[in-house]
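Note sheet for the following structure.
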Amino acid sequence: MGVGILYRLSVVPRRPGVVGVRLAVSPARCNVDSVCVSVELSPTSGRPLRGNVLLQNYMGAKLFMRLWLISIVLIAFTLAGCGGGGGGTVSSGSGLTSGGSSTTVSATTTTTTSTAGVTGTVAKGAPLAGATVTLIDSLGHTVTTTTAADGTYTLNVSGLTPPYLIQATLGSQTMYSISFGNGNANVTPVSDVILAAYFQSIGTTASAAFGNPGGVTLPTPASFELIWQSILTAIQNLLTQNGVSQSFNPITTSFPADHTGFDAVLDSTSEGGNSSLTTVSGTVTTTISLAGSGDSVTTDVHSHDSHTGADSYDSSSTNVSGSAALQSAIASANTLLASLTTIINAKGAALQATDIASLIASGFMEDGQGASAYATTLAQQYAGVSVTSMVVGSVVSFTPGSMVAIVTVTTANSTQPVEMTFQKTENGTWLLSGNHQSVPTFHLISYENARDITNSGDSGYRADVAVDLRAPQGQVTGVTVTDPTTTFFPTPNTVVPKLPQIDVTNPMIFADRFELNATAAAFPALGTLFSLGVTPATGTPVTVDQPVGNTTTDTIGSYNLTVAGGTVTHSLSSIVGKTVTATWTLPTTFEVDRVKFGVTLQTANLIEDRFPETSDAATSGSIAIPATITNPSTNTSEAVTGATVTVEALGSHGEDVVIRDLWQ
């Protein structure tokens with residue numbers, strides 16, 4: 001074994017294009033436990049393909065000496081099966097190369113001819129041609145390739161262990177992405193920012209994780225999706241404008257880098273420092289900043305319209321821990337929500353409380369409603385509604401036995417975020433358990449950019465804080481509100497009781513209502529805690545702290561109201577008994593999640609809401625204004641003495657813009 005031995009083999013190629021293989025064995029260049037082999041493939045045309053193979057002894061010296069020649073022959077037949085357009089080796093040195101692209105696999109990886117692979121597009125609007133794409137698996141093995149002119153790449157990952165981190169580098173530009181197995185994995189500023197935020201939440205960086213993937217907790221598909229959802233709501237307008245569906249996933253959904261669809265969104269998007277994205281759509285600039293800490297990612301969104309001067313501010317936080325317990329809880333919650341969706345759609349208008357009772361925990365309590373009452377409310381709310389999907393969009397808090405999540409509910413007409421609490425039962429299943437608040441409320445505090453139009457004039461838009469507590473009749477006797485900034489409420493204020501309220505559209509509720517409005521020049525800071533003191537008819541008084549939600553100075557524009565067969569004045573007689581039609585334009589600086597259009601009617605003894613379901617893109621609506629309504633508590637007809645036509649635009653994170661046209 002001290003001299004080089006040259007073996008010539010004649011092989012029958014498994015694929016056209018290779019006519020011969022030549023192997024030169026040079027044990028003198030290796031130690032006693034290895035054999036070095038020089039391999040040359042002779043294609044039918046073009047130059048030969050050459051490379052080196054190191055065969056290491058993992059079996060013991062004697063057995064190794066007997067089997068090394070057999071190994072060489074096997075390698076010869078393996079390489080002969082590869083086409084002449086560039087293949088792979090198990091060499092840590094120079095790979096088997098030709099005039100085309102090449103793939104290099106680390107020395108600890110075994111290459112096969114399997115088609116298992118990861119493909120994708122590397123783009124920042126324009127494709128990144130000639131970028132170096134390196135994939136590292138969870139055990140530290142790597143494969144590398146170069147992007148084509150259109151930014152696409154393909155990597156063979158046979159024998160590797162997912163998940164995979166992906167790094168794309170071109171000059172001074174570096175972006176990261178992730179793949180959870182075979183399939184598509186795009187590398188874009190969106191994937192880069194999401195991974196940066198995730199790794200920051202666990203105290204590291206994407207670069208450090210790429211250098212040591214086995215030393216960190218890698219994100220799961222659910223973790224990635226949770227962060228993507230927080231970005232999605234901020235750029236939904238831009239996605240919609242470019243024809244990108246809500247089901248689009250920035251990693252797994254393939255797209256061409258041709259300035260259409262998602263690539264057009266990337267054209268309008270730039271990545272900044274500190275895990276931020278900035279998008280430009282017409283006159284609206286939106287900055288999305290993500291910060292990770294303590295297994296959570298906080299997303300702050302600021303949108304500004306340079307034409308109107310309007311600003312919107314969003315802030316949300318979600319737990320993105322990669323723990324198996326959290327991921328299991330999310331999966332269980334989504335399974336439960338899928339069952340609820342199936343039941344709603346199967347039952348249609350015949351949906352009853354008994355149909356969904358099995359999905360609700362026996363100890364359920366949601367704002368004073370027990371399991372039975374909540375099932376009834378839920379059945380009334382969704383009877384006859386076509387639900388596309390219900391899915392966990394973000395996780396507010398998590399313990400092994402409980403999870404509070406923002407659930408994205410998509411129907412034929414709208415997409416709404418709904419906060420739900422899930423509880424793990426003794427047998428391991430998860431059920432809806434409610435927020436466990438004994439205070440029976442439907443709405444506590446809202447922060448509105450509000451405009452009132454009355455017979456005395458138009459108030460214009462203003463920052464409005466509204467306390468609005470509605471409870472089943474007789475259950476609450478008093479409500480107070482405390483503002484720590486004293487901007488809206490200088491001292492603890494008693495919330496004024498109003499007439500009983502009935503909502504005839506979503507769903508039928510007859511409730512005591514406590515309401516108090518206050519205005520100021522500007523909204524209080526996000527996170528400011530207002531306190532509500534609620535005195536129940538029986539039991540101990542309850543204090544509920546509610547933080548300031550997301551706010552906006554954006555407006556509903558071009559509002560106009562007409563009436564069939566007449567002229568609208570602020571005399572009640574001009575609209576009673578007639579159908580009114582409103583037209584408007586929507587805000588631009590936030591994603592409008594829901595549009596409410598309808599009328600609130602008042603008699604001497606009650607207030608009635610009539611707000612039929614409206615498309616989230618609606619810019620007009622019509623509604624009849626009756627002369628009388630029925631009081632359900634007395635079953636008598638009462639004359640309408642006041643009416644308020646309302647147009648309201650609600651954002652995905654709580655933004656609220658409203659016009660109220662009042663006849664009193």
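By order of appearance in the structure tokens: chains A, B, ..., then residues from 1 within every chain, and ligands from 1 in the order shown.
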
Point to revise | Surrounding residues of region 593-608 of chain A excluding itself and chain neighbours under 6 positions, 9 Å, only C-alpha atoms, as a ChimeraX atom specification | key: /A:233,413-417,498-504,582,586,614-626,628-629,631,638-653,664

Go ahead and dump the residues you just picked, C-alpha atoms, as a PDB file, in the first residue's frame.
```pdb
ATOM      1  CA  THR A 233     -51.884  42.979   9.552  1.00  0.00           C
ATOM      2  CA  ASN A 413     -67.192  39.602   4.479  1.00  0.00           C
ATOM      3  CA  SER A 414     -64.500  40.341   7.025  1.00  0.00           C
ATOM      4  CA  THR A 415     -61.488  39.283   9.052  1.00  0.00           C
ATOM      5  CA  GLN A 416     -61.654  39.953  12.775  1.00  0.00           C
ATOM      6  CA  PRO A 417     -59.238  39.397  15.674  1.00  0.00           C
ATOM      7  CA  LYS A 498     -78.122  55.052  30.087  1.00  0.00           C
ATOM      8  CA  LEU A 499     -81.388  53.615  28.864  1.00  0.00           C
ATOM      9  CA  PRO A 500     -81.471  49.814  28.472  1.00  0.00           C
ATOM     10  CA  GLN A 501     -79.882  48.743  25.186  1.00  0.00           C
ATOM     11  CA  ILE A 502     -80.986  46.133  22.673  1.00  0.00           C
ATOM     12  CA  ASP A 503     -78.920  44.894  19.735  1.00  0.00           C
ATOM     13  CA  VAL A 504     -81.209  43.283  17.173  1.00  0.00           C
ATOM     14  CA  ALA A 582     -74.422  56.981   3.241  1.00  0.00           C
ATOM     15  CA  LEU A 586     -61.908  54.612   4.239  1.00  0.00           C
ATOM     16  CA  THR A 614     -70.952  44.999   6.323  1.00  0.00           C
ATOM     17  CA  SER A 615     -68.031  44.236   4.028  1.00  0.00           C
ATOM     18  CA  ASP A 616     -64.636  45.333   5.392  1.00  0.00           C
ATOM     19  CA  ALA A 617     -64.123  47.256   2.121  1.00  0.00           C
ATOM     20  CA  ALA A 618     -67.568  48.895   2.058  1.00  0.00           C
ATOM     21  CA  THR A 619     -67.742  52.569   1.068  1.00  0.00           C
ATOM     22  CA  SER A 620     -71.529  52.905   1.046  1.00  0.00           C
ATOM     23  CA  GLY A 621     -74.615  51.516   2.723  1.00  0.00           C
ATOM     24  CA  SER A 622     -78.367  51.973   3.048  1.00  0.00           C
ATOM     25  CA  ILE A 623     -80.671  51.373   6.007  1.00  0.00           C
ATOM     26  CA  ALA A 624     -84.331  51.986   6.799  1.00  0.00           C
ATOM     27  CA  ILE A 625     -85.221  54.293   9.720  1.00  0.00           C
ATOM     28  CA  PRO A 626     -88.517  53.104  11.255  1.00  0.00           C
ATOM     29  CA  THR A 628     -91.583  52.922  15.807  1.00  0.00           C
ATOM     30  CA  ILE A 629     -89.790  49.988  17.445  1.00  0.00           C
ATOM     31  CA  ASN A 631     -89.871  47.242  23.441  1.00  0.00           C
ATOM     32  CA  GLU A 638     -92.807  52.894  20.987  1.00  0.00           C
ATOM     33  CA  ALA A 639     -92.202  55.961  18.834  1.00  0.00           C
ATOM     34  CA  VAL A 640     -88.647  56.722  17.744  1.00  0.00           C
ATOM     35  CA  THR A 641     -87.549  59.961  19.398  1.00  0.00           C
ATOM     36  CA  GLY A 642     -83.893  59.999  18.310  1.00  0.00           C
ATOM     37  CA  ALA A 643     -81.563  58.399  15.784  1.00  0.00           C
ATOM     38  CA  THR A 644     -77.808  58.189  15.211  1.00  0.00           C
ATOM     39  CA  VAL A 645     -76.453  57.010  11.867  1.00  0.00           C
ATOM     40  CA  THR A 646     -72.922  55.666  12.383  1.00  0.00           C
ATOM     41  CA  VAL A 647     -70.060  54.885  10.013  1.00  0.00           C
ATOM     42  CA  GLU A 648     -67.108  53.274  11.818  1.00  0.00           C
ATOM     43  CA  ALA A 649     -63.820  51.814  10.567  1.00  0.00           C
ATOM     44  CA  LEU A 650     -62.066  49.390  12.932  1.00  0.00           C
ATOM     45  CA  GLY A 651     -58.460  48.258  12.530  1.00  0.00           C
ATOM     46  CA  SER A 652     -56.927  44.864  13.097  1.00  0.00           C
ATOM     47  CA  HIS A 653     -55.193  46.049  16.274  1.00  0.00           C
ATOM     48  CA  GLN A 664     -82.082  64.287  18.862  1.00  0.00           C
TER      49      GLN A 664
END
```

Study note, to complete from the structure: A straight line from CA of Gly566 (chain A) to CA of Ile453 (chain A) spans 19.2 Å

Point to revise | Best match for closeness to Val548 (chain A) among A:Phe611, A:Trp663, A:Tyr313, A:Phe364, counting only C-alpha atoms | key: A:Tyr313

Exercise for review: Please provide as a PyMOL selection string all residues within 6 Å of region 561-564 of chain A, with the sequence filter that same-chain residues fewer than 6 positions apart are discarded (counting only C-alpha atoms).
Suggested key: chain A and resi 579-582

Since we have the selection now, will you write its residues out, keeping C-alpha atoms, as a compact mmCIF listing (two decimals), in the first residue's frame?
```txt
# COMPACT_ATOMS: atom_id res chain seq x y z
CA THR A 579 -84.30 54.78 3.80
CA VAL A 580 -81.06 56.69 4.17
CA THR A 581 -77.92 56.04 2.11
CA ALA A 582 -74.42 56.98 3.24
```

Exercise for review: For Ser201 (chain A), work out the shell of residues within 6 Å, counting only C-alpha atoms and skipping chain neighbours fewer than 5 positions away, then give it as number ranges by chain.
Suggested key: A: 292-296

Practice item. Mind the document's chain letters and residue numbers, and return as number ranges by chain the residues of region 106-279 of chain A that DSSP labels alpha helix (DSSP H). Key: A: 189-201, 206-211, 221-241, 261-267

Review point. From the set A:Ala338, A:Ala208, A:Leu226, A:Leu444, which residue has the shortest atom-to-atom contact distance to Val396 (chain A), counting only C-alpha atoms?
Key: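 When distances to Val396 (chain A) are compared using only C-alpha atoms, the smallest one comes from A:Leu226.
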
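For Asn550 (chain A), the non-local neighbours within 6 Å, defined as residues at least 6 positions apart in the same chain or in other chains and counting only C-alpha atoms, are A:Tyr313, A:Asp314, A:Gly654, A:Glu655.
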
Exercise for review: Might you pull out every residue within 9 Å of region 256-260 of chain A, with only C-alpha atoms counted and same-chain residues fewer than 5 positions away left off, and present them as JSON, numbers by chain?
Suggested key: {"A": [121, 122, 123, 124, 125, 126, 127, 150, 151, 152, 242, 243, 265, 266, 267]}
